[in-house]
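Everything below concerns the one structure shown next.
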Amino acid sequence: MSDASLMPAWCRHDPDLAVAKVQVYDAPDAADRLAAALRVRMPTANRYAEAGGIMLAAIAPDEWLLIGTADGLAAALERTDAALRGETILTLDVTHGLVALRLEGAAGTACLAAFTALDLRPASTPVGAALRTRFGDIGVLVACTDDAPTYLLLADQSYTPYLLHLIGQSVCLG
Amino acid sequence: MSGYRLERSGDIDRSRPINFRWEGRSYTGFAGDTLASALLASGVRMIGRSFKYHRPRGLIAAGLDEPNFIVQLERGAGTTPNLKAPYVELYDGLDAAPVNAWPSLRFDLLAANSIFKRFIPAAFYYKTFMWPTWRLFEPLIRKAAGLGASPKLPDPDCYEQTSAHIDVLIVGGGIAGLAAAQHAAMSGKSVMLVTGGRHWGGRLAGTSDSVEGKPAAVWIKDMLRTFTAMPNVTLMTRTLATGHFDHGMVSLCERLTDHMPIHERSGPRQRFWRVRADALILATGAIERPLVFRGNDRPGIMLAGAARAYLHRHAVVAGREIVVATTNDSAWYAAFDLAEAGATIVAIIDTRPSPSPALVERAEALGIMVHASMAPTEAIGRQTVRAVRIGCVSSAGRIHGATQTLPCDLLLMSGGWNPAVHLHSQGAGRLKFDPGLSSFIPEAESSGHRIIGGAAGDFARYSTLAAAPEQAVTRRPGPPQAALWSISESDVPDAEAWVDFQNDVTAGDIALAARENFRSVEHLKRYTTLGMASDQGKTSNVNGIGILSTLLAKSIEAIGTTKFRPPYDPIPFGLLAGHRIGDGLRPRRQLALHDWHVGRNASFEEYGGWMRPAAYLRPGESEADAVRREVLAVRTEVGIFEASPLGKIEVKGPDAAAFLDLMYVNRISTLKPGRCRYAIMLSENGTVFDDGVVTRLTDDHFLVGTTSGHAAIITEAFREWLQCEWTTMRVLVEDVTTCWAVANVVGPQTRSVLDTLASDIDFSADAFAHMTAQRGYIGGIPARVARVSFTGELSYEIAVPWRCAGALWETLIAAGSSHGIVPFGVEALMTLRIEKGFLHIGADTDGTTLPQDIGLGAIMAKKTQDFVGRRSAHRPDGLRGDRRSFVGLEATDGNAAPLAIGAHILPAGTTQPQPGEGWVTSSTWSPTLGAPLALAMIERGEKRIGENVRVWDLGAWREARITRACRYDPQGTRLDV
């Protein structure tokens, strides 16, 4: 990410994060099998669960994101494939398609408030929330990962200059 | 000179004088002043000219209800038109000017309109400028119309937007809002309390009126002190609620630096808030109604409540000899306060026969003469009021009997109060007419929000305070107010009595509209302009509706009111744009190798949302030179092109092949694994929607290629069909366009380059046939390679994980260096594909192009299965024999310039422009053929190959001949070199 140096202190690029997407076609027990394979409690809609360094986020009916380190993700995908064998599934490592940013503290929250319509009150977006929304004019996933608060923002990497432009603007605007 | 400043009191800082300029002259005010209060204190009476008749106008209000004092603030790029002076806080160096006077306020040339007033009543231009043509007059009328001037230069300021979610949002900083905030905050809820101005307390700010046993100023101060200890309360001054939208969202405009001297400003000028609250409380107060009588628009005539506000907030006494005319109690208090401040109250004129004895007694104690059952019949004066003629008035507003004249330099008026119901109404709240108030009040049960205080028609302090904590209170009706919509000496509304000051609408104009049968309130508004523009009828609507009601002998309830629309007061376009300017206007995407392209002096253009190299310019080269060089390099040696934006969609599942058969004109299910097929997708209307190469990876797994920039749309289309129509098809799709970067190596030397790579892929012609795909590794990088061509040359598209693009690219450049490999841009690619006659969706097609128009009729006929768009493509219109078809054009006039894209095609021999037979869709100079080439959609084009045509573009004629679309290597031999 060539423009990473332009980022403010409260915004960190996380280049080591790996992401995969899992889709399953009409398998009623798929969620349970997936959760068992990953040894996590299956998250409800718009939430994620975490175990063994892998976040499992439920982003749509029968659609999940797996987020973690590259090695951890590869192992998780293997377990996923094994657990859902026989089903119509599509598991894709989409790491290269995404950019991961960590927005931290009050400034990070203000930045999200500026460019999304999310209700960032802890009751609505607690630690463990994983929400798909718009940041400016592009689709992103926002996950609240701790109560500092820190938010993980995943977006299509081809929009990185646009993201940095908006983040830079929120810095200028203070 | 009339208004003056008191030595003490008021919420101003006398130790901080502020210099400013108005209409080119220097004045001085104090910190805490507004432009309006400072000029009022300086004795300035005439502050503007009316919109249409250019009559002299004075300040009448103390808030955003001010219809006359509209100013142009500052000059140059930072100028802001149409600001209301009571809301413009004074800062050092402020420079303001009137908006509707030329050359000056005192001597305004268009004041001549006033002389011809009777000839230019409401809607005169609809009637009088029809002959010979409206267009003749329109420019002049448009020039004369309007108020301020919009800036001609880009806005130098920046604006911020943000969202907030809150438990309770309270709009309005008067005692109702403050009390409601206190109650909500005590329960621990997060509370946001906003007020448009810089002070708290609304109309009671600075007064000694009693609130819960304390002087109002003390009560307000105590309340604010309480809030400072409550972290759950956010207080925001200078924050105007501008709109109330669906699902309860309220927009706020927070003015961050407007009150500061220009040289001290930094950061955003204003912030736009989108607030979604669990509970919304509107405490927006009320707006005082003017009295409608002859000459009521003279400078020196003011709303009584405004005069009281200027006195208490800014220590300004608006006049020295004051007559007060009213229909209700509130103006009496203004008279008392002004009298106690030292002004002479000549008389209080009350239209009611029996004003409250307590009020009369207090007036007498102050030596104020009281005239009951009387009203002003005419204001006398020209550029300022000098006297008022008064007479006995009936309950219908008719003056009868003898009149008398009272000298004055300030006439205060109050026709009652209208609850400020704008936000309630915008939020879908209903209104009802309250005969006691003679105004519209909110129907509380009709909305999801609460509305309290003056905004609810509740003007009693005790009930307002009681209502704040959601206690059920019954509004104690005040003394009944006789509705007095207009005052005149006959039954005909006076044509010199103003109803809408901002839009120059008189009672006579309303009578004219009624006479001409514009009886709906909405028609009345459009015909007369009553309640239009930035004012939105704040002071005028109810009076206007009342007059119409009288004229039509129809109840006000039956007439209703016009719709209130956001914004409550104008806001800058920049505020609405927020970050959507410059590079933030819309998202643009960046290629994997953007920095490499920059380093090779690429000229970038946006194609389908992607910033891509148009060409790589070498020193001394024009873009046309570069394109020519790049094309020839591809045709003769080898070129490399970053094709990462090409759409890539994974489609997987047992029914994937059947699904793609339904989505594409071409049959996909017959494709063998490892093979590719060019495919066309239609819309439901049967028109050509997208094209691309579909690759079958395995039996149940496909990689679908789309045009650049279309991947997301096609993915969504796939999902919509699967989720809504073919729910039993076991298919999953995912857009992976930006997971894979693509390098396209093209040209006769391509294989020589690829053969030098460290790869497990055999690129030879035998092992890697055209329209096939393979997976393997190149230099240790996992790669998906497809042998497909959009240029007509031998071509391999190599896709690797996005972050590996740099390594692959450098490998290819190094391998190709000995073969003269050159990078080429989109413009060269377009030239190459035009030479080959390859279709470009969106350039050569439009929303009417059917597959048979581009030569796919046979494929469509051969396919017996159904597919999206099939039925629509076979409608009678689609089967017409004279439809346009996709062909080539060659210039035959010896002119080397390419034909203009969009130029019209006409039959040979045509000498005059006429309905065309088609148009040029793509055009270029072909370096390969040394001639201009074009593609076109022409009626029956396929059957007219070889026919001469004329090409017309903006008055210039060219000669051309229809050809086959493909002009280079029609046999396709170049694919297998």
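To be explicit about the labels: the chains of the structure tokens are called A, B, and onward in the order shown, and within each one the residues are counted from 1, while ligands get numbers from 1 in the order they are shown.
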
Applying 9 Å and only C-alpha atoms, which residues near stretch 52-65 of chain A remain after dropping the ones on its own chain fewer than 4 positions away? List them as a PyMOL selection string. chain A and resi 19-27+30-31+35+38-40+42-48+69+72-73+76+128-132+141+143

Write to file, as a compact mmCIF listing (two decimals), in the first residue's frame, the residues of the selection just made, with N, CA and C atoms.
```txt
# COMPACT_ATOMS: atom_id res chain seq x y z
N VAL A 19 -7.95 -13.22 4.66
CA VAL A 19 -9.41 -13.29 4.69
C VAL A 19 -9.89 -14.32 3.67
N ALA A 20 -10.85 -15.10 4.08
CA ALA A 20 -11.47 -16.04 3.15
C ALA A 20 -12.99 -15.89 3.25
N LYS A 21 -13.64 -16.24 2.17
CA LYS A 21 -15.10 -16.18 2.19
C LYS A 21 -15.65 -17.57 1.97
N VAL A 22 -16.64 -17.91 2.74
CA VAL A 22 -17.27 -19.23 2.64
C VAL A 22 -18.75 -19.03 2.32
N GLN A 23 -19.20 -19.67 1.27
CA GLN A 23 -20.63 -19.66 0.94
C GLN A 23 -21.11 -21.11 0.87
N VAL A 24 -22.28 -21.34 1.35
CA VAL A 24 -22.87 -22.68 1.33
C VAL A 24 -24.27 -22.57 0.76
N TYR A 25 -24.62 -23.50 -0.11
CA TYR A 25 -25.96 -23.48 -0.68
C TYR A 25 -26.90 -24.38 0.12
N ASP A 26 -27.86 -23.80 0.75
CA ASP A 26 -29.00 -24.49 1.31
C ASP A 26 -28.64 -25.77 2.08
N ALA A 27 -27.80 -25.63 3.08
CA ALA A 27 -27.51 -26.78 3.95
C ALA A 27 -27.87 -26.35 5.37
N ALA A 30 -25.27 -26.37 8.03
CA ALA A 30 -23.94 -25.92 7.62
C ALA A 30 -23.30 -25.05 8.69
N ALA A 31 -24.11 -24.17 9.27
CA ALA A 31 -23.55 -23.25 10.26
C ALA A 31 -22.98 -24.03 11.44
N ALA A 35 -19.13 -24.12 12.52
CA ALA A 35 -18.73 -23.70 13.87
C ALA A 35 -17.95 -24.80 14.57
N LEU A 38 -14.45 -25.10 13.19
CA LEU A 38 -13.56 -24.01 13.59
C LEU A 38 -13.48 -23.86 15.11
N ARG A 39 -14.26 -24.67 15.78
CA ARG A 39 -14.29 -24.69 17.26
C ARG A 39 -14.69 -23.32 17.81
N VAL A 40 -15.67 -22.73 17.19
CA VAL A 40 -16.21 -21.45 17.70
C VAL A 40 -17.72 -21.60 17.88
N MET A 42 -21.16 -20.36 16.83
CA MET A 42 -21.61 -19.69 15.60
C MET A 42 -22.17 -18.31 15.93
N PRO A 43 -21.62 -17.28 15.31
CA PRO A 43 -22.12 -15.92 15.61
C PRO A 43 -23.49 -15.70 14.99
N THR A 44 -24.22 -14.81 15.61
CA THR A 44 -25.50 -14.41 15.02
C THR A 44 -25.22 -13.42 13.89
N ALA A 45 -26.27 -13.02 13.22
CA ALA A 45 -26.10 -12.10 12.10
C ALA A 45 -25.44 -10.81 12.58
N ASN A 46 -24.56 -10.30 11.76
CA ASN A 46 -23.84 -9.04 12.05
C ASN A 46 -22.93 -9.12 13.28
N ARG A 47 -22.53 -10.33 13.60
CA ARG A 47 -21.58 -10.51 14.71
C ARG A 47 -20.47 -11.46 14.25
N TYR A 48 -19.38 -11.47 14.98
CA TYR A 48 -18.34 -12.44 14.69
C TYR A 48 -17.98 -13.18 15.98
N THR A 69 -4.55 -15.04 10.47
CA THR A 69 -3.23 -15.05 9.81
C THR A 69 -3.30 -15.99 8.61
N GLY A 72 -3.02 -19.63 9.70
CA GLY A 72 -4.23 -20.03 10.43
C GLY A 72 -5.42 -20.15 9.50
N LEU A 73 -5.47 -19.25 8.54
CA LEU A 73 -6.60 -19.27 7.61
C LEU A 73 -6.56 -20.50 6.71
N ALA A 76 -7.78 -23.31 8.62
CA ALA A 76 -9.23 -23.19 8.85
C ALA A 76 -10.02 -23.55 7.61
N GLY A 128 -17.37 -7.39 18.96
CA GLY A 128 -17.96 -8.59 18.37
C GLY A 128 -18.93 -8.29 17.25
N ALA A 129 -19.20 -7.00 17.03
CA ALA A 129 -20.09 -6.66 15.92
C ALA A 129 -19.30 -6.71 14.62
N ALA A 130 -19.92 -7.20 13.57
CA ALA A 130 -19.31 -7.22 12.23
C ALA A 130 -20.40 -6.82 11.26
N LEU A 131 -20.26 -5.63 10.69
CA LEU A 131 -21.37 -5.04 9.94
C LEU A 131 -20.93 -4.66 8.53
N ARG A 132 -21.77 -4.95 7.59
CA ARG A 132 -21.49 -4.49 6.23
C ARG A 132 -22.19 -3.15 6.04
N LEU A 141 -16.66 -3.80 5.28
CA LEU A 141 -17.08 -4.52 6.47
C LEU A 141 -16.39 -3.86 7.66
N ALA A 143 -15.77 -4.24 11.75
CA ALA A 143 -15.90 -5.11 12.93
C ALA A 143 -15.32 -4.38 14.14
```

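These are the residues of stretch 136-165 of chain A assigned strand (DSSP E or B) by DSSP from backbone coordinates: Ile138, Gly139, Val140, Leu141, Val142, Ala143, Cys144, Thr145, Asp146, Thr150, Tyr151, Leu152, Leu153, Leu154, Ala155 and Asp156 of chain A.
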
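You can rank B:Asn541, B:Arg944, B:Thr737, B:Ala956 by their closest distance to A:Leu98 using only C-alpha atoms, and at the top of that list sits B:Thr737.
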
May I have the residues of chain B within 6 Å of chain A, counting only C-alpha atoms, written as an mmCIF file with C-alpha atoms, in the first residue's frame?
```
data_model
loop_
_atom_site.group_PDB
_atom_site.id
_atom_site.type_symbol
_atom_site.label_atom_id
_atom_site.label_comp_id
_atom_site.auth_asym_id
_atom_site.auth_seq_id
_atom_site.Cartn_x
_atom_site.Cartn_y
_atom_site.Cartn_z
ATOM 1 C CA GLN B 161 -20.332 15.557 7.317
ATOM 2 C CA THR B 162 -20.957 13.180 10.162
ATOM 3 C CA SER B 163 -23.598 10.933 11.633
ATOM 4 C CA HIS B 165 -27.034 8.210 16.958
ATOM 5 C CA GLY B 267 -10.713 23.694 9.464
ATOM 6 C CA PRO B 268 -14.179 23.088 8.133
ATOM 7 C CA PRO B 587 -14.522 6.367 -5.852
ATOM 8 C CA ARG B 589 -9.960 2.439 -8.458
ATOM 9 C CA GLN B 590 -6.275 1.913 -8.824
ATOM 10 C CA GLY B 653 -22.090 -25.529 -8.158
ATOM 11 C CA THR B 738 -9.519 -7.541 -7.453
ATOM 12 C CA CYS B 739 -8.087 -10.757 -6.068
ATOM 13 C CA TRP B 802 -2.977 -9.186 -6.886
#
```

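Take the candidates B:Glu734, B:Asp866, B:Glu621, B:Glu23 and check each one against B:Ser104 using only C-alpha atoms; the shortest distance goes to B:Glu23.
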
Restricting to only C-alpha atoms, whichever of B:Asp844, B:Glu642, B:Asp953, B:Glu942 is closest to B:Leu899 is B:Asp953

Distance query B:Gln536 at most 9 Å, only C-alpha atoms, self and fewer than 5 positions along chain excluded, as a list in words: Leu530, Gly531, Asn541, Phe564, Arg565, Tyr568 and Asp569 of chain B

Would you put the residues from that selection into a file with N, CA and C atoms, as a compact mmCIF listing (two decimals), in the first residue's frame?
```
# COMPACT_ATOMS: atom_id res chain seq x y z
N LEU B 530 -46.41 33.27 -3.26
CA LEU B 530 -46.57 33.38 -1.81
C LEU B 530 -45.91 32.17 -1.12
N GLY B 531 -45.03 32.45 -0.20
CA GLY B 531 -44.44 31.37 0.59
C GLY B 531 -43.35 30.59 -0.11
N ASN B 541 -47.42 32.73 5.34
CA ASN B 541 -48.34 31.67 4.89
C ASN B 541 -49.71 31.76 5.54
N PHE B 564 -44.42 21.92 3.83
CA PHE B 564 -43.14 22.50 4.25
C PHE B 564 -42.02 21.60 3.75
N ARG B 565 -41.02 22.22 3.16
CA ARG B 565 -39.95 21.41 2.58
C ARG B 565 -38.60 21.82 3.17
N TYR B 568 -34.92 24.15 6.21
CA TYR B 568 -35.64 25.22 6.91
C TYR B 568 -35.07 26.57 6.51
N ASP B 569 -33.78 26.62 6.33
CA ASP B 569 -33.12 27.83 5.84
C ASP B 569 -32.01 27.36 4.90
```

Contacts of B:Ala514 at 8 Å or less, counting only C-alpha atoms, minus same-chain residues fewer than 3 places along, as a list in words? Ile510, Ala511, Asn517, Phe518, Arg519, Leu524, Leu548, Leu551 and Leu552 of chain B

Can you spit out the residues from that selection as a JSON list (two decimals), in the first residue's frame, using C-alpha atoms?
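Wrote it out as selection-v2.json, contents follow:
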```json
[["chain", "number", "residue", "atom", "x", "y", "z"],
["B", 510, "ILE", "CA", -54.14, 36.95, -3.43],
["B", 511, "ALA", "CA", -57.46, 38.49, -4.38],
["B", 517, "ASN", "CA", -59.79, 30.73, -9.87],
["B", 518, "PHE", "CA", -56.47, 29.68, -8.38],
["B", 519, "ARG", "CA", -58.29, 28.46, -5.31],
["B", 524, "LEU", "CA", -52.17, 30.16, -4.99],
["B", 548, "LEU", "CA", -57.93, 33.33, 0.72],
["B", 551, "LEU", "CA", -62.29, 35.60, -0.18],
["B", 552, "LEU", "CA", -63.59, 32.12, -0.90]]
```
